[in-house]
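Participant: Handing you a structure now.
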Amino acid sequence: MKKKYLSVRMMAVDAVLVAMYVVLNSVAIRSLGYKFTLDAFPIIVGGVLFGPVHGSLIGFIGSLIYQLFFSGYGITPTTALWMLPVVVRGLIIGLYSKSKDYNPKTFGLIIATIICGVLTTALNTLALYTDSIIFKYYSYELVFGMLIPKFIISIILAVLFALITPHLVKKIRKNIKLKIS
């Protein structure tokens, strides 16, 4: 019975993190055809708390809800490409956290989130480029012109997320009595 109770708590936390992802993805800074968000934060927290499956699911479900109801695009031939970066982020952070028995140290988490930030930026650029080829939405200059600033911003955000996440995860575990075994 205890395991089932823990499972319900985990699903509730996952649902809150999915909702946070959707909201943070909707509240974005848009500049020069690019969108900068804090939507990675709930995925990172979910991956650290519960591991790769939960981290990936938070990203997948959150990005699917956003894509269907809030993006204005719905389902397109490139939807899976747009969802892939957040799933990969949840997977990598979750695998790292699991390898550290769900208690990652800040320095390691910084490295893992930087890797995820750079990889996510690269995958998002691939999706943007694919959209530009298929739909002629964007020019080559727009797709690749801001790539260096995007990488820099992703690294800065990754470090900030990694510094905040351990403290938040500790509070979540304490307040809802989550114990991962």
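Every chain in the structure tokens has a letter given in the order shown (A, B, ...), and although residue numbers restart at 1 in each chain, ligands are simply numbered from 1 in the order shown.
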Neighbouring residues of Leu163 in chain A were defined as those with any atom within 10 Å, considering only C-alpha atoms; residues of the same chain fewer than 5 positions away were excluded. Please report them as a ChimeraX atom specification.

Facilitator: /A:105-107,109-110,157-158,168

Participant: Produce a file of the selected residues containing C-alpha atoms, as an mmCIF file, in the first residue's frame.

Facilitator:
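So the final result, stored in again-v3.cif, reads:
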```cif
data_model
loop_
_atom_site.group_PDB
_atom_site.id
_atom_site.type_symbol
_atom_site.label_atom_id
_atom_site.label_comp_id
_atom_site.auth_asym_id
_atom_site.auth_seq_id
_atom_site.Cartn_x
_atom_site.Cartn_y
_atom_site.Cartn_z
ATOM 1 C CA LYS A 105 25.822 17.401 -6.114
ATOM 2 C CA THR A 106 25.597 20.958 -7.410
ATOM 3 C CA PHE A 107 28.753 20.851 -9.556
ATOM 4 C CA LEU A 109 24.221 19.056 -11.824
ATOM 5 C CA ILE A 110 25.713 22.202 -13.374
ATOM 6 C CA LEU A 157 20.147 29.413 -17.599
ATOM 7 C CA ALA A 158 21.530 25.911 -17.053
ATOM 8 C CA LEU A 168 13.930 23.206 -4.273
#
```

Participant: Excluding range 37-39 of chain A and any residue of its chain fewer than 6 positions from it, enumerate the residues within 6 Å of it, using only C-alpha atoms, and give them as a PDB file with C-alpha atoms, in the first residue's frame.

Facilitator:
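Saved to selection35.pdb:
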```
ATOM      1  CA  TYR A  21       6.104  23.593 -17.887  1.00  0.00           C
ATOM      2  CA  LEU A  24       6.525  28.749 -18.270  1.00  0.00           C
ATOM      3  CA  ASN A  25       6.533  27.855 -21.972  1.00  0.00           C
ATOM      4  CA  ALA A  28       8.355  33.737 -22.911  1.00  0.00           C
TER       5      ALA A  28
END
```

Participant: Would you mind reading off the distance between CA of Ser63 in chain A and CA of Lys177 in chain A, one decimal, in Å?

Facilitator: 28.0 Å

Participant: Between CA of Lys174 in chain A and CA of Ser56 in chain A, what distance in Å does the model show, to one decimal?

Facilitator: 23.4 Å

Participant: Residues of chain A in strand (DSSP E or B) according to DSSP, as a PyMOL selection string?

Facilitator: chain A and resi 29-31+34-36

Participant: Please provide as JSON, numbers by chain all residues within 6 Å of range 41-50 of chain A, with the sequence filter that same-chain residues fewer than 2 positions apart are discarded (counting only C-alpha atoms).

Facilitator: {"A": [17, 21, 39, 52, 54, 55, 58, 59, 90, 93, 94, 97]}

Participant: Neighbours of Thr120 in chain A within 10 Å (only C-alpha atoms; same-chain residues fewer than 5 positions away dropped), as a list in words?

Facilitator: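 Listing them by chain and then by number gives Ala40, Trp82, Leu84, Pro85, Val86, Val87, Val88, Arg89, Ile114, Ile115, Thr125, Leu126, Phe151 and Ser154 of chain A.
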
Participant: Please produce an output containing C-alpha atoms for each residue in the selection, written as a PDB file, in the first residue's frame.

Facilitator:
```pdb
ATOM      1  CA  ALA A  40      13.321  23.640 -18.614  1.00  0.00           C
ATOM      2  CA  TRP A  82       9.936  20.132 -31.385  1.00  0.00           C
ATOM      3  CA  LEU A  84      12.385  15.778 -28.741  1.00  0.00           C
ATOM      4  CA  PRO A  85      14.630  18.348 -26.980  1.00  0.00           C
ATOM      5  CA  VAL A  86      12.569  18.448 -23.787  1.00  0.00           C
ATOM      6  CA  VAL A  87      12.273  14.657 -23.668  1.00  0.00           C
ATOM      7  CA  VAL A  88      16.051  14.360 -24.070  1.00  0.00           C
ATOM      8  CA  ARG A  89      16.580  16.957 -21.321  1.00  0.00           C
ATOM      9  CA  ILE A 114      24.884  22.671 -19.365  1.00  0.00           C
ATOM     10  CA  ILE A 115      25.111  19.556 -21.537  1.00  0.00           C
ATOM     11  CA  THR A 125      17.780  24.654 -34.080  1.00  0.00           C
ATOM     12  CA  LEU A 126      17.407  21.404 -36.039  1.00  0.00           C
ATOM     13  CA  PHE A 151      24.025  28.772 -26.717  1.00  0.00           C
ATOM     14  CA  SER A 154      21.214  28.271 -22.526  1.00  0.00           C
TER      15      SER A 154
END
```

Participant: Find the distance between CA of Gly108 in chain A and CA of Ile172 in chain A and write it in Å to one decimal.

Facilitator: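 Distance between the two atoms: 20.3 Å.
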
Participant: Point out the residue among A:Ala122, A:Asp131, A:Pro104, A:Met146 with the least atom-to-atom distance to Pro166 in chain A, counting only C-alpha atoms.

Facilitator: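 The closest residue to Pro166 in chain A is A:Pro104.
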
Participant: Determine, for each residue of range 40-129 of chain A having at least one atom at most 12 Å from an atom of range 135-143 of chain A, the closest pair of atoms and their separation in Å to one decimal, counting only C-alpha atoms; order by chain and ascending number, as JSON lines.

Facilitator:
```
{"residue": "A:Thr76", "atom": "CA", "partner": "A:Phe135", "partner_atom": "CA", "distance": 10.2}
{"residue": "A:Pro77", "atom": "CA", "partner": "A:Phe135", "partner_atom": "CA", "distance": 9.9}
{"residue": "A:Thr78", "atom": "CA", "partner": "A:Phe135", "partner_atom": "CA", "distance": 10.0}
{"residue": "A:Thr121", "atom": "CA", "partner": "A:Val143", "partner_atom": "CA", "distance": 11.5}
{"residue": "A:Ala122", "atom": "CA", "partner": "A:Val143", "partner_atom": "CA", "distance": 11.0}
{"residue": "A:Asn124", "atom": "CA", "partner": "A:Val143", "partner_atom": "CA", "distance": 9.9}
{"residue": "A:Thr125", "atom": "CA", "partner": "A:Val143", "partner_atom": "CA", "distance": 6.7}
{"residue": "A:Leu126", "atom": "CA", "partner": "A:Val143", "partner_atom": "CA", "distance": 8.8}
{"residue": "A:Ala127", "atom": "CA", "partner": "A:Val143", "partner_atom": "CA", "distance": 9.7}
{"residue": "A:Leu128", "atom": "CA", "partner": "A:Val143", "partner_atom": "CA", "distance": 6.4}
{"residue": "A:Tyr129", "atom": "CA", "partner": "A:Val143", "partner_atom": "CA", "distance": 6.1}
```

Participant: Take the residues that were just selected and, keeping N, CA and C atoms, output them as a PDB file, in the first residue's frame.

Facilitator:
```pdb
ATOM      1  N   THR A  76       1.884  19.095 -36.446  1.00  0.00           N
ATOM      2  CA  THR A  76       2.466  19.310 -37.772  1.00  0.00           C
ATOM      3  C   THR A  76       3.456  18.172 -38.042  1.00  0.00           C
ATOM      4  N   PRO A  77       3.991  18.099 -39.241  1.00  0.00           N
ATOM      5  CA  PRO A  77       4.999  17.055 -39.512  1.00  0.00           C
ATOM      6  C   PRO A  77       6.252  17.169 -38.642  1.00  0.00           C
ATOM      7  N   THR A  78       6.504  18.347 -38.073  1.00  0.00           N
ATOM      8  CA  THR A  78       7.708  18.514 -37.257  1.00  0.00           C
ATOM      9  C   THR A  78       7.419  18.552 -35.748  1.00  0.00           C
ATOM     10  N   THR A 121      19.409  23.282 -27.288  1.00  0.00           N
ATOM     11  CA  THR A 121      19.527  24.377 -28.245  1.00  0.00           C
ATOM     12  C   THR A 121      19.833  23.834 -29.641  1.00  0.00           C
ATOM     13  N   ALA A 122      20.725  22.862 -29.719  1.00  0.00           N
ATOM     14  CA  ALA A 122      21.056  22.259 -31.014  1.00  0.00           C
ATOM     15  C   ALA A 122      19.844  21.548 -31.621  1.00  0.00           C
ATOM     16  N   ASN A 124      16.633  22.131 -30.936  1.00  0.00           N
ATOM     17  CA  ASN A 124      15.640  23.143 -31.318  1.00  0.00           C
ATOM     18  C   ASN A 124      16.022  23.823 -32.637  1.00  0.00           C
ATOM     19  N   THR A 125      17.311  24.056 -32.826  1.00  0.00           N
ATOM     20  CA  THR A 125      17.780  24.654 -34.080  1.00  0.00           C
ATOM     21  C   THR A 125      17.519  23.696 -35.239  1.00  0.00           C
ATOM     22  N   LEU A 126      17.719  22.407 -35.014  1.00  0.00           N
ATOM     23  CA  LEU A 126      17.407  21.404 -36.039  1.00  0.00           C
ATOM     24  C   LEU A 126      15.921  21.438 -36.395  1.00  0.00           C
ATOM     25  N   ALA A 127      15.074  21.526 -35.383  1.00  0.00           N
ATOM     26  CA  ALA A 127      13.627  21.599 -35.642  1.00  0.00           C
ATOM     27  C   ALA A 127      13.279  22.868 -36.401  1.00  0.00           C
ATOM     28  N   LEU A 128      13.879  23.976 -36.008  1.00  0.00           N
ATOM     29  CA  LEU A 128      13.643  25.254 -36.691  1.00  0.00           C
ATOM     30  C   LEU A 128      14.108  25.181 -38.150  1.00  0.00           C
ATOM     31  N   TYR A 129      15.267  24.592 -38.367  1.00  0.00           N
ATOM     32  CA  TYR A 129      15.803  24.443 -39.722  1.00  0.00           C
ATOM     33  C   TYR A 129      14.897  23.536 -40.565  1.00  0.00           C
TER      34      TYR A 129
END
```

Participant: Neighbouring residues of Ile65 in chain A were defined as those with any atom within 12 Å, considering only C-alpha atoms; residues of the same chain fewer than 5 positions away were excluded. Please report them as a PyMOL selection string.

Facilitator: chain A and resi 15+18-23+25-26+57-60+70-75+79+83

Participant: Name the residues of range 5-124 of chain A that fall into alpha helix (DSSP H) according to DSSP on the backbone, using the chain letters and numbers of this document, as a ChimeraX atom specification.

Facilitator: /A:5-26,40-50,52-69,79-99,106-124
